[in-house]
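The structure appears right after this line, and notes come after that.
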Amino acid sequence: MKPYPDAEPVSNPKNGDLIAQRDRSLMSRDEKHLLKKMGQAIHDFDLIQEGDRIMVAVSGGKDSLSLLRLLMRMQKRAPIHFTLVAVNLDQGQPNFPVQVLEDWFRGVGVEYRIVKKDTYSIVKRLTQPGKTYCAVCSRLRRAILYSTAMELGATKIALGHHREDLIETLLLSAFYAGALKSMPAKLRSDDGRNTIIRPLVYCPESALAAYAQEQRLPILPCGLCESQENQQRKQIKKLIANLAVNHPAVPGNLLNALGNVVPSHLLDPSVHKDTLAADQAEARLEANKALRE
């Protein structure tokens with residue numbers, strides 16, 4: 001199979017300035033917009049450092065493929081040096097065209113690894129009737145990706161979660177779990193051996209969809225996810241979309257809310273206990289100061 005039409009080898013030319021100028025001139029408005037959003041997230045949350053080896057988890061969906069493409073673009077222009085390795089987990093889904101991804105990886109010249117693990121049959125077996133596959137599937141994939149990152153010597157694992165993923169998770173947690181939380185831009189694993197980064201947290205899903213189409217990325221839908229239409233996440237997605245019809249700022253406002261938290265105006269007792277303790281300590285300091293005077 002021939003490489004996709006947009007495929008170009010990654011090189012290390014001596015004249016970096018000329019290459020950078022050429023890259024800028026070839027960038028579309030959508031690509032520049034996404035790179036700006038991604039660069040802001042990297043800066044705000046210190047996602048990438050000098051010498052990082054970043055393992056990009058590529059499922060075959062538009063988001064992870066766009067993330068890899070954008071990181072490759074940024075890699076050529078960034079003031080720091082970092083390397084990329086794309087990893088796809090072949091979960092053993094029937095007729096999954098993994099060769100398409102391999103051809104595309106080779107075409108764009110990125111280092112890659114295909115990890116073959118039959119999690120598909122395990123997920124189907126362990127998921128109870130009427131339940132979604134996501135919980136079991138994500139746990140299995142996470143464990144495999146963590147171990148693969150260790151094998152490859154990766155310092156970071158980059159995931160393709162975008163703005164809508166974060167705000168949907170926020171509402172899912174509030175509605176169905178009774179907690180105010182979402183997906184962090186940077187997360188250290190429980191065992192301390194892996195660091196997850198999400199460079200696309202500021203990027204709208206619609207912009208990534210347009211970019212994937214523009215770049216003719218080889219999108220491969222997930223047979224597990226696509227087979228379940230009544231997931232709670234899809235219901236939340238419809239809710240946000242309906243609200244945005246009359247109030248287009250809703251998605252952006254929800255994202256802003258994640259970065260504009262006022263703990264004192266919530267009902268977490270531990271927050272109020274900490275605040276009370278701090279107020280009491282400050283009062284004692286003021287009293288001691290007054291006595292000395």
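We label chains A, B, ... in the order they appear in the structure tokens, count residues from 1 in each chain, and number ligands from 1 in the order shown.
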For Leu258 (chain A), work out the shell of residues within 9 Å, counting only C-alpha atoms and skipping chain neighbours fewer than 4 positions away, then give it as a ChimeraX atom specification.
/A:166-167,170,181-182,253-254
Just N, CA and C atoms for this one: save the residues we selected as a compact mmCIF listing (two decimals), in the first residue's frame.
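Saved the output as part-v2.txt:
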# COMPACT_ATOMS: atom_id res chain seq x y z
N LEU A 166 -12.72 16.84 28.11
CA LEU A 166 -12.59 17.36 29.47
C LEU A 166 -13.93 17.84 30.03
N ILE A 167 -14.67 18.60 29.22
CA ILE A 167 -15.92 19.17 29.75
C ILE A 167 -17.00 18.09 29.87
N LEU A 170 -16.22 16.30 33.06
CA LEU A 170 -16.65 17.13 34.19
C LEU A 170 -18.13 16.91 34.50
N LYS A 181 -14.62 16.75 39.04
CA LYS A 181 -13.28 16.43 38.54
C LYS A 181 -13.35 16.16 37.05
N SER A 182 -12.18 16.19 36.41
CA SER A 182 -12.12 15.93 34.98
C SER A 182 -10.79 15.26 34.65
N ASN A 253 -16.94 28.12 28.10
CA ASN A 253 -17.17 28.50 29.50
C ASN A 253 -16.94 27.32 30.43
N LEU A 254 -17.37 26.13 30.01
CA LEU A 254 -17.15 24.95 30.84
C LEU A 254 -15.66 24.67 30.99
Apply DSSP to the backbone of this structure and, from region 161-291 of chain A, keep only the residues in helix (DSSP H, G or I); write these as a PyMOL selection string.
chain A and resi 163-177+205-214+223-226+232-246+250-258+263-265+269-291
Output C-alpha atoms for every residue in the selection just made, as a CSV table (one decimal), in the first residue's frame.
chain,number,residue,atom,x,y,z
A,163,ARG,CA,-11.6,20.2,25.1
A,164,GLU,CA,-14.9,18.3,24.7
A,165,ASP,CA,-13.4,15.2,26.4
A,166,LEU,CA,-12.6,17.4,29.5
A,167,ILE,CA,-15.9,19.2,29.8
A,168,GLU,CA,-17.9,16.0,29.1
A,169,THR,CA,-16.0,14.2,31.8
A,170,LEU,CA,-16.6,17.1,34.2
A,171,LEU,CA,-20.4,16.8,33.7
A,172,LEU,CA,-20.3,13.0,33.8
A,173,SER,CA,-18.5,13.1,37.1
A,174,ALA,CA,-21.0,15.7,38.5
A,175,PHE,CA,-24.1,14.0,37.2
A,176,TYR,CA,-23.3,10.3,37.7
A,177,ALA,CA,-20.5,10.2,40.3
A,205,GLU,CA,-13.1,18.7,18.8
A,206,SER,CA,-14.6,20.4,15.7
A,207,ALA,CA,-11.2,22.0,14.8
A,208,LEU,CA,-9.5,18.6,15.2
A,209,ALA,CA,-12.1,16.9,13.0
A,210,ALA,CA,-11.5,19.6,10.3
A,211,TYR,CA,-7.8,19.2,10.6
A,212,ALA,CA,-7.9,15.4,10.3
A,213,GLN,CA,-9.9,15.8,7.1
A,214,GLU,CA,-7.6,18.5,5.7
A,223,GLY,CA,-15.4,-1.4,16.8
A,224,LEU,CA,-16.1,-1.5,20.5
A,225,CYS,CA,-17.0,2.1,21.0
A,226,GLU,CA,-18.9,2.5,17.8
A,232,GLN,CA,-23.7,8.3,29.0
A,233,ARG,CA,-20.9,10.2,27.4
A,234,LYS,CA,-22.8,10.5,24.1
A,235,GLN,CA,-25.9,11.8,26.0
A,236,ILE,CA,-23.7,14.4,27.7
A,237,LYS,CA,-22.2,15.4,24.3
A,238,LYS,CA,-25.7,15.9,22.9
A,239,LEU,CA,-26.7,18.0,26.0
A,240,ILE,CA,-23.7,20.3,25.5
A,241,ALA,CA,-24.4,20.6,21.7
A,242,ASN,CA,-28.0,21.5,22.4
A,243,LEU,CA,-27.0,24.2,24.9
A,244,ALA,CA,-24.5,25.6,22.5
A,245,VAL,CA,-27.1,26.1,19.7
A,246,ASN,CA,-28.4,29.2,21.6
A,250,VAL,CA,-21.1,27.1,26.6
A,251,PRO,CA,-18.2,24.7,25.7
A,252,GLY,CA,-15.6,27.4,26.2
A,253,ASN,CA,-17.2,28.5,29.5
A,254,LEU,CA,-17.2,25.0,30.8
A,255,LEU,CA,-13.5,24.6,30.0
A,256,ASN,CA,-12.8,28.0,31.7
A,257,ALA,CA,-14.6,26.8,34.7
A,258,LEU,CA,-12.1,24.0,35.1
A,263,PRO,CA,-13.1,26.2,46.6
A,264,SER,CA,-14.5,28.4,49.3
A,265,HIS,CA,-17.8,28.5,47.4
A,269,PRO,CA,-15.8,20.1,54.3
A,270,SER,CA,-12.0,19.5,54.0
A,271,VAL,CA,-11.6,22.8,52.2
A,272,HIS,CA,-13.6,24.7,54.8
A,273,LYS,CA,-11.6,23.0,57.6
A,274,ASP,CA,-8.3,24.0,56.0
A,275,THR,CA,-9.7,27.5,55.5
A,276,LEU,CA,-10.8,27.7,59.1
A,277,ALA,CA,-7.4,26.4,60.3
A,278,ALA,CA,-5.6,29.0,58.2
A,279,ASP,CA,-7.9,31.8,59.5
A,280,GLN,CA,-7.3,30.7,63.1
A,281,ALA,CA,-3.5,30.6,62.6
A,282,GLU,CA,-3.6,34.1,61.1
A,283,ALA,CA,-5.7,35.4,64.0
A,284,ARG,CA,-3.1,33.9,66.5
A,285,LEU,CA,-0.3,35.6,64.6
A,286,GLU,CA,-2.1,39.0,64.7
A,287,ALA,CA,-2.9,38.5,68.4
A,288,ASN,CA,0.8,37.8,69.2
A,289,LYS,CA,1.9,40.7,67.2
A,290,ALA,CA,-0.5,43.0,69.1
A,291,LEU,CA,0.8,41.7,72.5
What are the DSSP strand (DSSP E) residues of region 13-200 of chain A, as a ChimeraX atom specification?
/A:53-57,83-90,111-116,156-158,186-188,195-197
Export, as a short mmCIF file (atom, residue, chain, number, x, y, z; two decimals), in the first residue's frame, the selected residues with C-alpha atoms.
data_model
loop_
_atom_site.label_atom_id
_atom_site.label_comp_id
_atom_site.auth_asym_id
_atom_site.auth_seq_id
_atom_site.Cartn_x
_atom_site.Cartn_y
_atom_site.Cartn_z
CA ARG A 53 11.04 11.00 24.67
CA ILE A 54 7.29 11.15 24.13
CA MET A 55 5.26 8.05 23.39
CA VAL A 56 2.15 9.10 21.46
CA ALA A 57 -0.69 6.62 21.94
CA THR A 83 11.72 12.83 20.28
CA LEU A 84 8.52 10.99 19.37
CA VAL A 85 7.53 7.36 19.11
CA ALA A 86 4.02 6.42 17.97
CA VAL A 87 2.45 3.35 19.58
CA ASN A 88 -0.69 1.59 18.42
CA LEU A 89 -2.32 -1.12 20.48
CA ASP A 90 -3.77 -3.74 18.15
CA GLU A 111 9.37 5.92 14.81
CA TYR A 112 6.57 3.54 15.74
CA ARG A 113 5.67 0.34 17.54
CA ILE A 114 2.60 -1.88 17.00
CA VAL A 115 1.71 -3.77 20.19
CA LYS A 116 -0.49 -6.82 19.61
CA LYS A 156 5.96 10.96 28.79
CA ILE A 157 2.84 9.31 27.34
CA ALA A 158 0.82 11.71 25.18
CA LYS A 186 -0.58 16.33 33.29
CA LEU A 187 -0.85 13.31 35.54
CA ARG A 188 1.70 11.15 37.34
CA THR A 195 3.64 10.68 33.28
CA ILE A 196 0.55 11.27 31.15
CA ILE A 197 0.26 14.51 29.17
#
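The nearest approach to Ala143 (chain A) among the residues A:Gln93, A:Asn194, A:Ser28, A:Gln99, with only C-alpha atoms taken into account, belongs to A:Asn194.
With only C-alpha atoms taken into account, the protein and nucleic acid residues at most 8 Å from Ala185 (chain A) (excluding it and anything under 5 positions from it in its own chain) are Ala41, Phe45, Leu47, Ile196, Ile197, Arg198, Pro199 and Val201 of chain A.
Rounded to one decimal, CA of Ile42 (chain A) and CA of Asp63 (chain A) lie 16.8 Å from each other.
Taking CA of Leu200 (chain A) and CA of His162 (chain A) as endpoints, the distance between them is 4.8 Å.
In terms of minimum interatomic distance to Gly60 (chain A), A:Val98 ranks closest within A:Gln231, A:Pro204, A:Lys117, A:Val98, counting only C-alpha atoms.
Atom pair CA of Gly92 (chain A) / CA of Gln215 (chain A) has a distance of 27.2 Å (rounded to one decimal).
With only C-alpha atoms as the atoms that count, the minimum distance from Val100 (chain A) to the choices A:Ile219, A:Val58, A:Gly39, A:Ala179 is reached by A:Ile219.
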Do a neighbour search on Pro221 (chain A) at 10 Å with only C-alpha atoms, toss out local chain neighbours closer than 6 positions, and write the hits as number ranges by chain.
A: 59-62, 96
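Among A:Gln91, A:Pro97, A:Leu180, A:Arg193, the residue with the shortest atom-to-atom distance to Leu140 (chain A), counting only C-alpha atoms, is A:Gln91.
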